[in-house]
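The data block below is upload05.txt; it holds compact mmCIF, C-alpha atoms and all ligand atoms.
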# COMPACT_ATOMS: atom_id res chain seq x y z
CA MET A 1 -26.16 -18.90 -7.97
CA SER A 2 -26.87 -16.48 -5.16
CA PHE A 3 -23.45 -14.86 -5.33
CA LYS A 4 -22.77 -11.35 -6.50
CA GLU A 5 -21.82 -11.29 -10.16
CA LEU A 6 -19.11 -9.03 -11.60
CA LYS A 7 -20.30 -9.88 -15.12
CA ASN A 8 -20.95 -12.84 -17.44
CA ASN A 9 -20.59 -15.75 -14.98
CA ILE A 10 -17.78 -14.22 -12.95
CA PHE A 11 -18.80 -14.19 -9.29
CA TYR A 12 -17.57 -12.88 -5.92
CA LEU A 13 -16.97 -15.48 -3.20
CA GLY A 14 -14.75 -13.44 -0.91
CA SER A 15 -14.99 -12.62 2.81
CA GLN A 16 -15.34 -9.34 4.64
CA ASP A 17 -13.38 -8.80 7.85
CA PRO A 18 -14.69 -5.51 9.32
CA ASP A 19 -13.42 -6.25 12.85
CA ARG A 20 -9.80 -6.96 12.02
CA LYS A 21 -7.69 -4.21 13.58
CA LEU A 22 -4.14 -4.99 12.45
CA PHE A 23 -2.64 -6.46 9.29
CA ASP A 24 0.63 -8.41 9.41
CA GLN A 25 0.73 -7.40 13.11
CA LEU A 26 1.85 -4.01 11.83
CA ILE A 27 -0.65 -2.06 9.74
CA PRO A 28 -3.69 -0.51 11.46
CA LEU A 29 -6.99 -1.31 9.70
CA PRO A 30 -9.45 1.50 10.53
CA ASP A 31 -11.90 0.16 7.94
CA GLY A 32 -11.21 -3.57 8.37
CA THR A 33 -10.36 -5.44 5.20
CA SER A 34 -11.62 -8.06 2.78
CA TYR A 35 -10.12 -11.13 1.15
CA ASN A 36 -11.51 -11.19 -2.35
CA VAL A 37 -12.10 -14.50 -4.09
CA TYR A 38 -13.53 -14.63 -7.60
CA LEU A 39 -15.06 -17.58 -9.37
CA ILE A 40 -14.79 -17.68 -13.16
CA LYS A 41 -17.33 -20.06 -14.67
CA GLY A 42 -16.28 -20.99 -18.17
CA SER A 43 -18.29 -23.21 -20.52
CA GLU A 44 -15.89 -26.11 -19.82
CA LYS A 45 -13.86 -25.36 -16.71
CA ILE A 46 -14.21 -23.39 -13.50
CA ALA A 47 -11.44 -21.41 -11.83
CA LEU A 48 -11.14 -19.61 -8.52
CA VAL A 49 -8.96 -16.54 -8.38
CA ASP A 50 -7.18 -16.62 -4.99
CA THR A 51 -8.62 -17.86 -1.70
CA VAL A 52 -8.95 -16.35 1.79
CA TYR A 53 -7.14 -15.66 5.06
CA PRO A 54 -6.99 -18.86 7.16
CA ALA A 55 -9.51 -17.51 9.72
CA LYS A 56 -12.12 -17.34 6.92
CA ILE A 57 -11.65 -20.83 5.50
CA ASN A 58 -15.01 -22.07 6.76
CA GLU A 59 -16.80 -19.18 5.07
CA LEU A 60 -15.18 -20.06 1.77
CA THR A 61 -15.87 -23.79 2.01
CA SER A 62 -19.55 -23.06 2.81
CA LYS A 63 -19.80 -20.86 -0.26
CA LEU A 64 -18.10 -23.42 -2.46
CA LYS A 65 -20.49 -26.12 -1.26
CA GLU A 66 -23.44 -23.81 -1.81
CA SER A 67 -22.24 -23.09 -5.36
CA ASN A 68 -22.49 -26.81 -6.13
CA MET A 69 -19.70 -26.45 -8.66
CA LYS A 70 -16.54 -28.41 -9.17
CA ILE A 71 -13.42 -26.26 -9.06
CA ASP A 72 -10.86 -27.19 -11.71
CA TYR A 73 -8.26 -24.51 -11.09
CA ILE A 74 -7.16 -22.22 -8.28
CA ILE A 75 -5.36 -19.29 -9.85
CA SER A 76 -2.97 -17.87 -7.26
CA ASN A 77 -1.89 -14.33 -8.05
CA HIS A 78 0.14 -13.98 -4.85
CA ALA A 79 1.33 -16.38 -2.15
CA GLU A 80 0.78 -14.27 0.96
CA GLN A 81 -1.51 -16.26 3.19
CA ASP A 82 -4.37 -13.78 3.32
CA HIS A 83 -4.96 -15.05 -0.26
CA SER A 84 -3.35 -18.48 -0.33
CA GLY A 85 -4.22 -19.63 3.19
CA ALA A 86 -7.22 -21.70 2.11
CA ILE A 87 -5.56 -23.38 -0.88
CA PRO A 88 -4.86 -26.65 0.99
CA LYS A 89 -8.51 -26.80 2.11
CA VAL A 90 -9.83 -26.15 -1.40
CA LEU A 91 -7.52 -28.87 -2.73
CA GLU A 92 -8.90 -31.19 -0.07
CA LEU A 93 -12.46 -30.46 -1.27
CA TYR A 94 -11.50 -30.81 -4.95
CA PRO A 95 -8.59 -33.30 -5.16
CA ASP A 96 -8.42 -33.02 -8.95
CA ALA A 97 -8.04 -29.24 -8.90
CA ARG A 98 -4.70 -27.69 -9.76
CA VAL A 99 -3.07 -24.50 -8.51
CA VAL A 100 -2.20 -22.34 -11.50
CA THR A 101 0.61 -19.92 -10.81
CA ASN A 102 4.14 -18.81 -11.64
CA ALA A 103 7.34 -20.48 -10.43
CA LYS A 104 8.06 -18.00 -7.64
CA CYS A 105 4.54 -18.15 -6.24
CA LYS A 106 4.58 -21.94 -6.48
CA ALA A 107 7.81 -22.14 -4.49
CA LEU A 108 6.42 -19.89 -1.77
CA ILE A 109 3.16 -21.84 -1.50
CA LYS A 110 5.10 -25.09 -1.30
CA ASP A 111 7.28 -23.68 1.49
CA MET A 112 4.55 -22.01 3.49
CA LEU A 113 1.57 -24.31 2.98
CA LEU A 114 3.32 -27.60 2.19
CA VAL A 115 1.34 -28.12 -1.03
CA GLU A 116 2.80 -30.96 -3.11
CA GLU A 117 4.51 -30.34 -6.48
CA ASP A 118 1.97 -32.40 -8.45
CA LYS A 119 -0.84 -30.03 -7.40
CA PHE A 120 0.54 -27.19 -9.54
CA ILE A 121 0.35 -26.03 -13.13
CA GLU A 122 3.21 -23.59 -13.60
CA ILE A 123 2.66 -20.75 -16.05
CA LYS A 124 4.87 -18.03 -17.48
CA ASP A 125 4.33 -14.41 -18.49
CA GLY A 126 1.86 -14.12 -21.37
CA GLU A 127 0.61 -17.71 -21.21
CA THR A 128 -3.10 -18.43 -21.17
CA LEU A 129 -5.52 -20.88 -19.59
CA SER A 130 -8.69 -21.83 -21.44
CA LEU A 131 -11.92 -22.32 -19.49
CA GLY A 132 -13.92 -22.92 -22.72
CA ASP A 133 -15.58 -19.67 -23.61
CA LYS A 134 -13.26 -17.71 -21.35
CA THR A 135 -9.50 -17.34 -21.58
CA VAL A 136 -7.31 -16.22 -18.71
CA LYS A 137 -4.04 -14.55 -19.61
CA PHE A 138 -1.26 -14.27 -17.00
CA ILE A 139 0.84 -11.15 -16.70
CA MET A 140 3.85 -11.23 -14.40
CA ALA A 141 3.97 -8.21 -12.11
CA PRO A 142 6.78 -8.87 -9.65
CA TRP A 143 7.39 -6.67 -6.61
CA VAL A 144 3.97 -5.27 -5.89
CA HIS A 145 4.72 -6.17 -3.18
CA TRP A 146 6.38 -9.63 -3.24
CA PRO A 147 8.55 -11.19 -5.98
CA ASP A 148 5.78 -13.63 -6.92
CA THR A 149 2.98 -11.21 -7.76
CA MET A 150 1.10 -11.47 -11.07
CA PHE A 151 -2.13 -10.32 -12.71
CA SER A 152 -4.77 -12.51 -14.37
CA TYR A 153 -6.81 -11.07 -17.23
CA VAL A 154 -10.01 -12.55 -18.62
CA ILE A 155 -9.69 -11.61 -22.26
CA GLU A 156 -13.34 -11.99 -23.32
CA ASP A 157 -14.73 -10.01 -20.34
CA LYS A 158 -11.88 -7.48 -20.04
CA ILE A 159 -11.56 -8.04 -16.30
CA LEU A 160 -8.12 -7.67 -14.74
CA PHE A 161 -7.48 -9.39 -11.40
CA THR A 162 -4.58 -7.50 -9.85
CA GLY A 163 -4.01 -9.20 -6.52
CA ASP A 164 -2.92 -6.71 -3.85
CA PHE A 165 -2.05 -4.11 -6.49
CA LEU A 166 -4.60 -1.25 -6.69
CA GLY A 167 -6.48 -2.63 -3.66
CA SER A 168 -7.68 -1.08 -0.42
CA HIS A 169 -8.14 -2.36 3.12
CA ILE A 170 -11.87 -1.69 3.25
CA ALA A 171 -14.61 -4.05 4.38
CA GLY A 172 -18.18 -3.52 3.20
CA ASP A 173 -21.18 -4.94 1.42
CA ASP A 174 -20.64 -3.14 -1.87
CA LEU A 175 -19.09 -5.28 -4.58
CA PHE A 176 -18.23 -2.22 -6.65
CA VAL A 177 -16.84 1.18 -5.73
CA VAL A 178 -19.75 3.46 -4.85
CA ASP A 179 -18.07 6.46 -3.22
CA GLU A 180 -14.84 7.16 -5.13
CA GLN A 181 -13.63 9.74 -2.58
CA LYS A 182 -13.89 7.23 0.27
CA ILE A 183 -12.10 4.57 -1.72
CA TYR A 184 -9.48 7.10 -2.85
CA THR A 185 -8.46 7.65 0.78
CA GLY A 186 -8.43 3.93 1.59
CA ALA A 187 -6.50 3.10 -1.58
CA LYS A 188 -3.98 5.88 -0.92
CA ARG A 189 -3.40 4.61 2.60
CA TYR A 190 -2.94 1.09 1.22
CA TYR A 191 -0.55 2.35 -1.47
CA ALA A 192 1.50 4.19 1.16
CA GLU A 193 1.71 1.28 3.57
CA ILE A 194 2.31 -1.54 1.12
CA MET A 195 3.13 -0.40 -2.40
CA MET A 196 5.15 2.82 -2.01
CA PRO A 197 8.55 1.11 -1.58
CA PHE A 198 8.03 -0.39 -5.07
CA ARG A 199 7.32 2.86 -6.94
CA ASN A 200 9.54 2.06 -9.90
CA HIS A 201 7.99 -1.38 -10.39
CA ILE A 202 4.57 0.20 -10.12
CA LYS A 203 5.30 2.59 -12.98
CA LYS A 204 6.24 -0.34 -15.22
CA HIS A 205 3.15 -2.31 -14.27
CA LEU A 206 0.90 0.68 -14.92
CA GLU A 207 2.36 0.86 -18.41
CA LYS A 208 1.64 -2.83 -18.96
CA ILE A 209 -1.96 -2.33 -17.85
CA SER A 210 -2.34 0.64 -20.19
CA MET A 211 -1.73 -1.74 -23.13
CA LEU A 212 -4.73 -3.87 -22.14
CA ASP A 213 -8.37 -3.21 -22.85
CA VAL A 214 -9.68 -3.22 -19.26
CA ASP A 215 -13.33 -2.72 -18.34
CA MET A 216 -13.06 -3.71 -14.70
CA ILE A 217 -10.25 -4.07 -12.15
CA ALA A 218 -10.80 -6.63 -9.42
CA PRO A 219 -8.15 -6.45 -6.68
CA SER A 220 -7.81 -8.90 -3.81
CA HIS A 221 -8.73 -6.33 -1.12
CA GLY A 222 -11.53 -3.75 -1.23
CA PRO A 223 -14.22 -3.13 -3.82
CA VAL A 224 -14.04 -3.76 -7.57
CA TYR A 225 -13.42 -0.81 -9.91
CA GLN A 226 -15.95 -0.42 -12.72
CA ASN A 227 -14.12 2.77 -13.62
CA PRO A 228 -10.49 1.57 -13.85
CA LYS A 229 -9.31 5.05 -14.89
CA PHE A 230 -10.08 6.34 -11.40
CA ILE A 231 -7.58 4.09 -9.62
CA LEU A 232 -5.05 3.99 -12.46
CA ASP A 233 -4.89 7.81 -12.52
CA ALA A 234 -4.49 7.92 -8.74
CA TYR A 235 -1.61 5.41 -8.89
CA LYS A 236 0.01 7.35 -11.74
CA ASP A 237 -0.04 10.46 -9.57
CA TRP A 238 1.19 8.78 -6.37
CA SER A 239 3.98 6.84 -8.07
CA SER A 240 5.16 9.70 -10.32
CA ASP A 241 8.33 11.67 -9.53
CA ASN A 242 6.28 14.79 -8.85
CA VAL A 243 6.19 16.14 -5.31
CA LYS A 244 3.84 18.72 -3.80
CA ASN A 245 4.60 22.05 -2.18
CA GLU A 246 3.97 20.35 1.11
CA VAL A 247 5.82 19.58 4.36
CA LEU A 248 5.06 16.63 6.61
CA ILE A 249 6.00 17.23 10.24
CA ALA A 250 5.99 14.13 12.46
CA TYR A 251 6.61 14.98 16.10
CA VAL A 252 6.61 14.04 19.74
CA SER A 253 6.71 16.63 22.50
CA MET A 254 7.23 15.84 26.17
CA TYR A 255 6.98 19.24 27.85
CA GLU A 256 5.68 21.53 25.07
CA SER A 257 9.09 22.87 23.92
CA THR A 258 9.11 20.78 20.74
CA ARG A 259 5.39 21.37 20.16
CA LYS A 260 5.96 25.13 20.38
CA MET A 261 8.65 24.82 17.70
CA VAL A 262 6.39 22.66 15.50
CA ASP A 263 3.52 25.14 15.76
CA TYR A 264 5.79 28.07 14.98
CA LEU A 265 7.42 26.40 11.96
CA ALA A 266 4.07 25.18 10.63
CA ASN A 267 2.65 28.68 10.88
CA LYS A 268 5.66 30.24 9.12
CA LEU A 269 5.50 27.71 6.28
CA SER A 270 1.75 28.23 5.87
CA GLN A 271 2.31 31.99 5.60
CA LYS A 272 4.65 31.27 2.67
CA GLY A 273 1.99 29.19 0.93
CA VAL A 274 3.50 25.80 1.82
CA THR A 275 0.94 23.20 2.88
CA VAL A 276 1.81 21.63 6.23
CA LYS A 277 0.56 18.33 7.59
CA ALA A 278 1.61 17.79 11.20
CA TYR A 279 1.22 14.45 12.99
CA ASP A 280 1.58 13.96 16.74
CA LEU A 281 3.10 10.48 16.81
CA ILE A 282 1.58 9.71 20.20
CA GLU A 283 -1.95 10.09 18.84
CA THR A 284 -1.69 9.29 15.14
CA ASP A 285 -1.70 5.77 13.77
CA ILE A 286 1.27 5.00 11.62
CA GLY A 287 -0.90 4.41 8.53
CA GLU A 288 -1.98 8.06 8.61
CA VAL A 289 1.65 9.12 8.69
CA ALA A 290 2.48 6.74 5.82
CA MET A 291 -0.35 8.26 3.76
CA GLY A 292 0.97 11.72 4.59
CA LEU A 293 4.34 10.73 3.14
CA VAL A 294 3.03 10.07 -0.39
CA ASP A 295 3.14 13.65 -1.71
CA PRO A 296 5.33 16.13 0.22
CA ALA A 297 8.63 17.55 -0.99
CA THR A 298 9.94 17.84 2.58
CA VAL A 299 9.78 15.85 5.80
CA VAL A 300 10.59 17.42 9.17
CA LEU A 301 10.98 15.21 12.20
CA ALA A 302 10.59 16.92 15.55
CA SER A 303 11.71 15.31 18.76
CA PRO A 304 12.78 15.92 22.30
CA MET A 305 16.16 14.39 23.07
CA VAL A 306 15.82 11.01 24.82
CA LEU A 307 18.93 9.18 26.00
CA ALA A 308 21.10 11.26 23.66
CA GLY A 309 18.98 10.59 20.56
CA LEU A 310 15.54 10.77 18.98
CA HIS A 311 12.44 9.91 21.02
CA PRO A 312 11.77 6.20 20.21
CA ASN A 313 8.48 7.03 18.44
CA VAL A 314 10.28 9.53 16.20
CA ALA A 315 13.04 6.97 15.58
CA TYR A 316 10.30 4.51 14.54
CA ALA A 317 8.85 7.12 12.17
CA ALA A 318 12.35 7.66 10.69
CA TYR A 319 12.71 3.91 10.27
CA LEU A 320 9.38 3.78 8.41
CA VAL A 321 10.30 6.72 6.18
CA ASN A 322 13.49 4.92 5.20
CA ALA A 323 11.65 1.62 4.64
CA LEU A 324 8.66 3.05 2.73
CA LYS A 325 10.92 5.14 0.47
CA PRO A 326 8.58 8.05 -0.25
CA LYS A 327 9.67 10.45 -2.98
CA PHE A 328 10.37 13.49 -0.74
CA LYS A 329 13.52 15.46 -1.52
CA PHE A 330 14.46 17.26 1.71
CA VAL A 331 14.56 16.46 5.40
CA SER A 332 15.29 18.39 8.55
CA VAL A 333 15.06 17.83 12.28
CA ILE A 334 13.98 20.19 15.01
CA GLY A 335 13.58 19.69 18.73
CA SER A 336 14.60 20.41 22.25
CA TYR A 337 17.25 18.94 24.53
CA GLY A 338 18.30 19.30 28.15
CA TRP A 339 22.02 18.62 28.17
CA GLY A 340 23.23 16.96 24.95
CA GLY A 341 23.07 14.27 22.29
CA ASN A 342 23.07 14.13 18.50
CA MET A 343 19.73 13.62 16.79
CA THR A 344 20.98 14.89 13.41
CA GLU A 345 23.69 12.28 12.95
CA GLN A 346 21.31 9.56 14.15
CA LEU A 347 18.74 10.65 11.59
CA LYS A 348 21.32 10.77 8.77
CA THR A 349 22.30 7.18 9.58
CA MET A 350 18.65 6.13 9.62
CA MET A 351 17.92 7.69 6.19
CA ASN A 352 20.58 5.66 4.39
CA ALA A 353 18.17 4.15 1.85
CA VAL A 354 16.31 7.32 0.85
CA LYS A 355 19.22 9.77 1.07
CA PRO A 356 17.30 13.07 1.08
CA GLU A 357 19.10 16.41 1.14
CA PHE A 358 19.47 17.54 4.75
CA ILE A 359 18.47 21.08 5.63
CA ASP A 360 20.15 22.61 8.69
CA PRO A 361 18.42 21.44 11.88
CA VAL A 362 17.15 23.65 14.68
CA LEU A 363 17.91 22.09 18.05
CA VAL A 364 17.14 24.14 21.10
CA LYS A 365 18.34 23.90 24.70
CA GLY A 366 15.23 23.91 26.85
CA TYR A 367 12.26 26.06 25.85
CA PRO A 368 12.66 28.04 22.58
CA VAL A 369 13.52 31.75 22.92
CA GLU A 370 13.73 34.62 20.47
CA GLU A 371 16.96 33.55 18.78
CA ASP A 372 15.55 30.06 18.30
CA PHE A 373 12.49 31.43 16.54
CA ARG A 374 14.80 33.33 14.18
CA LEU A 375 16.45 30.00 13.35
CA LEU A 376 13.03 28.52 12.65
CA ASP A 377 12.28 31.51 10.39
CA LYS A 378 15.44 30.64 8.50
CA LEU A 379 14.47 26.98 8.26
CA ALA A 380 11.04 27.94 6.87
CA GLU A 381 12.73 30.21 4.32
CA ASN A 382 15.19 27.46 3.36
CA ILE A 383 12.37 24.98 2.79
CA TYR A 384 10.37 27.52 0.81
CA GLU A 385 13.36 28.30 -1.44
CA LYS A 386 14.17 24.62 -1.98
CA HIS A 387 10.58 24.03 -3.07
CA GLN A 388 10.62 27.03 -5.38
CA ALA A 389 13.76 25.68 -7.02
CA LEU A 390 11.75 22.57 -7.97
CA ALA A 391 8.87 24.56 -9.39
CA ASP A 392 9.93 24.11 -13.03
CA THR A 393 10.56 20.39 -12.71
CA THR A 394 8.98 18.08 -10.17
CA LEU A 395 6.95 20.41 -7.92
CA LYS A 396 3.26 20.06 -8.88
FE1 LIG B 401 -3.03 -9.14 0.60
FE2 LIG B 401 0.32 -9.37 0.09
O1 LIG B 401 -1.35 -9.90 0.66

Would it be possible to restate this file's structure as structure tokens?
Amino acid sequence: MSFKELKNNIFYLGSQDPDRKLFDQLIPLPDGTSYNVYLIKGSEKIALVDTVYPAKINELTSKLKESNMKIDYIISNHAEQDHSGAIPKVLELYPDARVVTNAKCKALIKDMLLVEEDKFIEIKDGETLSLGDKTVKFIMAPWVHWPDTMFSYVIEDKILFTGDFLGSHIAGDDLFVVDEQKIYTGAKRYYAEIMMPFRNHIKKHLEKISMLDVDMIAPSHGPVYQNPKFILDAYKDWSSDNVKNEVLIAYVSMYESTRKMVDYLANKLSQKGVTVKAYDLIETDIGEVAMGLVDPATVVLASPMVLAGLHPNVAYAAYLVNALKPKFKFVSVIGSYGWGGNMTEQLKTMMNAVKPEFIDPVLVKGYPVEEDFRLLDKLAENIYEKHQALADTTLK
């Protein structure tokens, strides 16, 4: 076969999508993405692991025809349609093939793709599928990031197919990771956008993986890891309870008052040795902000008052913080207003899922003056002291 080989008759039949700009009509894709499909050729049976996004169906069918092989099983690790979208087409090409998956994934595929019940083989955690000289073991891994997610592990070759888990939205010609630093950034962004709300599930799944003898991790987006330790260590760090001596400031400024406050606070924090990452929400894509939320101990939102509340872009950022559930401990709000409103109470309501400790806000009428800068000094000192108090426990 002309396809790239992971090892020992396990091939890559996926599609690259370098021009795709948005995932789920929500997540910016600066590096495009890929929909990874793997073909496992056993001595008796042949299985596909996942399929492709519907727009890439023709690419997959061409590759399957070129392979000149009969597919016996389609292992579906996850029902989202960037991986399951071509299942009906593959079943049309191979009417005797069966979709091998768990009950939850089966139900979703039936609902979304109208695949008939008799096309499935339902498996449970720990069960195996023999392909002759290769055995696939199924490991349930719910909630990374849907309830149906599972891993498939080829015992003889020590390859773990992890679905979305441990992946990255990166398109490219390299089957394997070449530049770990580049992939680290892409994988961190992907973790932040998709996996971070499921941190506690992630910890459990990492433990399960640590019990396996894994030579290679093949996710359903981005390149394959020949050095699994690299991505497993990164996930251990991101999903741990440890926070960094770092403040994320996400801001909008209309007439420079709020920006002046952001610059002043950032400078004061830096002088105290606190790392500051500031994001202008008008210019920064939301994936960058999500990635910035992985590590810091504190989040500061900075906004001008708009219609008695947060600027809508800052309100959107607050919504995302609450939805993505990063592990930060403290939050504050700073900003400028003309006549009135209550950004602090609005923010408290919007942080109902993450419940950070609120540090006194600094809200300024008009352009900041001397007494306002003293309040920002106090806020910087408060943040610094809160971080120091974590130094013996979770501050790393
Ligand atoms: Fe890549 Fe949850 O789909």

10 Å contact set for Phe23 of chain A, only C-alpha atoms, chain neighbours under 4 positions out, as a ChimeraX atom specification: /A:27-29,32-33,82,169

Could you pull out the residues sitting within 9 Å of ligand LIG 401 (chain B), using only C-alpha atoms and all ligand atoms, and write them as a PDB file with C-alpha atoms, in the coordinates of the input?
ATOM      1  CA  SER A  34     -11.620  -8.060   2.780  1.00  0.00           C
ATOM      2  CA  TYR A  35     -10.120 -11.130   1.150  1.00  0.00           C
ATOM      3  CA  TYR A  53      -7.140 -15.660   5.060  1.00  0.00           C
ATOM      4  CA  HIS A  78       0.140 -13.980  -4.850  1.00  0.00           C
ATOM      5  CA  ALA A  79       1.330 -16.380  -2.150  1.00  0.00           C
ATOM      6  CA  GLU A  80       0.780 -14.270   0.960  1.00  0.00           C
ATOM      7  CA  GLN A  81      -1.510 -16.260   3.190  1.00  0.00           C
ATOM      8  CA  ASP A  82      -4.370 -13.780   3.320  1.00  0.00           C
ATOM      9  CA  HIS A  83      -4.960 -15.050  -0.260  1.00  0.00           C
ATOM     10  CA  SER A  84      -3.350 -18.480  -0.330  1.00  0.00           C
ATOM     11  CA  VAL A 144       3.970  -5.270  -5.890  1.00  0.00           C
ATOM     12  CA  HIS A 145       4.720  -6.170  -3.180  1.00  0.00           C
ATOM     13  CA  TRP A 146       6.380  -9.630  -3.240  1.00  0.00           C
ATOM     14  CA  THR A 149       2.980 -11.210  -7.760  1.00  0.00           C
ATOM     15  CA  GLY A 163      -4.010  -9.200  -6.520  1.00  0.00           C
ATOM     16  CA  ASP A 164      -2.920  -6.710  -3.850  1.00  0.00           C
ATOM     17  CA  PHE A 165      -2.050  -4.110  -6.490  1.00  0.00           C
ATOM     18  CA  GLY A 167      -6.480  -2.630  -3.660  1.00  0.00           C
ATOM     19  CA  HIS A 169      -8.140  -2.360   3.120  1.00  0.00           C
ATOM     20  CA  ILE A 194       2.310  -1.540   1.120  1.00  0.00           C
ATOM     21  CA  SER A 220      -7.810  -8.900  -3.810  1.00  0.00           C
ATOM     22  CA  HIS A 221      -8.730  -6.330  -1.120  1.00  0.00           C
TER      23      HIS A 221
END

Show which residues sit within 9 Å of segment 241-250 of chain A, as an mmCIF file with C-alpha atoms, in the frame of the given file. Count all atoms listed in the file, and ignore same-chain residues fewer than 5 positions away.
data_model
loop_
_atom_site.group_PDB
_atom_site.id
_atom_site.type_symbol
_atom_site.label_atom_id
_atom_site.label_comp_id
_atom_site.auth_asym_id
_atom_site.auth_seq_id
_atom_site.Cartn_x
_atom_site.Cartn_y
_atom_site.Cartn_z
ATOM 1 C CA VAL A 262 6.390 22.660 15.500
ATOM 2 C CA ALA A 266 4.070 25.180 10.630
ATOM 3 C CA LEU A 269 5.500 27.710 6.280
ATOM 4 C CA GLY A 273 1.990 29.190 0.930
ATOM 5 C CA VAL A 274 3.500 25.800 1.820
ATOM 6 C CA THR A 275 0.940 23.200 2.880
ATOM 7 C CA VAL A 276 1.810 21.630 6.230
ATOM 8 C CA LYS A 277 0.560 18.330 7.590
ATOM 9 C CA ALA A 278 1.610 17.790 11.200
ATOM 10 C CA TYR A 279 1.220 14.450 12.990
ATOM 11 C CA ASP A 280 1.580 13.960 16.740
ATOM 12 C CA LEU A 281 3.100 10.480 16.810
ATOM 13 C CA VAL A 289 1.650 9.120 8.690
ATOM 14 C CA GLY A 292 0.970 11.720 4.590
ATOM 15 C CA LEU A 293 4.340 10.730 3.140
ATOM 16 C CA VAL A 294 3.030 10.070 -0.390
ATOM 17 C CA ASP A 295 3.140 13.650 -1.710
ATOM 18 C CA PRO A 296 5.330 16.130 0.220
ATOM 19 C CA ALA A 297 8.630 17.550 -0.990
ATOM 20 C CA THR A 298 9.940 17.840 2.580
ATOM 21 C CA VAL A 299 9.780 15.850 5.800
ATOM 22 C CA VAL A 300 10.590 17.420 9.170
ATOM 23 C CA LEU A 301 10.980 15.210 12.200
ATOM 24 C CA ALA A 302 10.590 16.920 15.550
ATOM 25 C CA SER A 303 11.710 15.310 18.760
ATOM 26 C CA VAL A 314 10.280 9.530 16.200
ATOM 27 C CA ALA A 317 8.850 7.120 12.170
ATOM 28 C CA LYS A 327 9.670 10.450 -2.980
ATOM 29 C CA PHE A 328 10.370 13.490 -0.740
ATOM 30 C CA LYS A 329 13.520 15.460 -1.520
ATOM 31 C CA ILE A 383 12.370 24.980 2.790
ATOM 32 C CA TYR A 384 10.370 27.520 0.810
ATOM 33 C CA HIS A 387 10.580 24.030 -3.070
ATOM 34 C CA GLN A 388 10.620 27.030 -5.380
ATOM 35 C CA LEU A 390 11.750 22.570 -7.970
ATOM 36 C CA ALA A 391 8.870 24.560 -9.390
ATOM 37 C CA THR A 393 10.560 20.390 -12.710
ATOM 38 C CA THR A 394 8.980 18.080 -10.170
ATOM 39 C CA LEU A 395 6.950 20.410 -7.920
ATOM 40 C CA LYS A 396 3.260 20.060 -8.880
#

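Applying the 9 Å criterion to (7.9, 18.8, 24.9) in file coordinates and using only C-alpha atoms, one obtains the residues Val252, Ser253, Met254, Tyr255, Glu256, Ser257, Thr258, Arg259, Lys260, Ser303, Pro304, Gly335, Ser336 and Tyr367 of chain A.
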
Contact residues around Leu363 of chain A with all atoms listed in the file at 9 Å, ignoring same-chain residues under 6 positions, as JSON, numbers by chain: {"A": [333, 334, 335, 336, 337, 343, 372]}
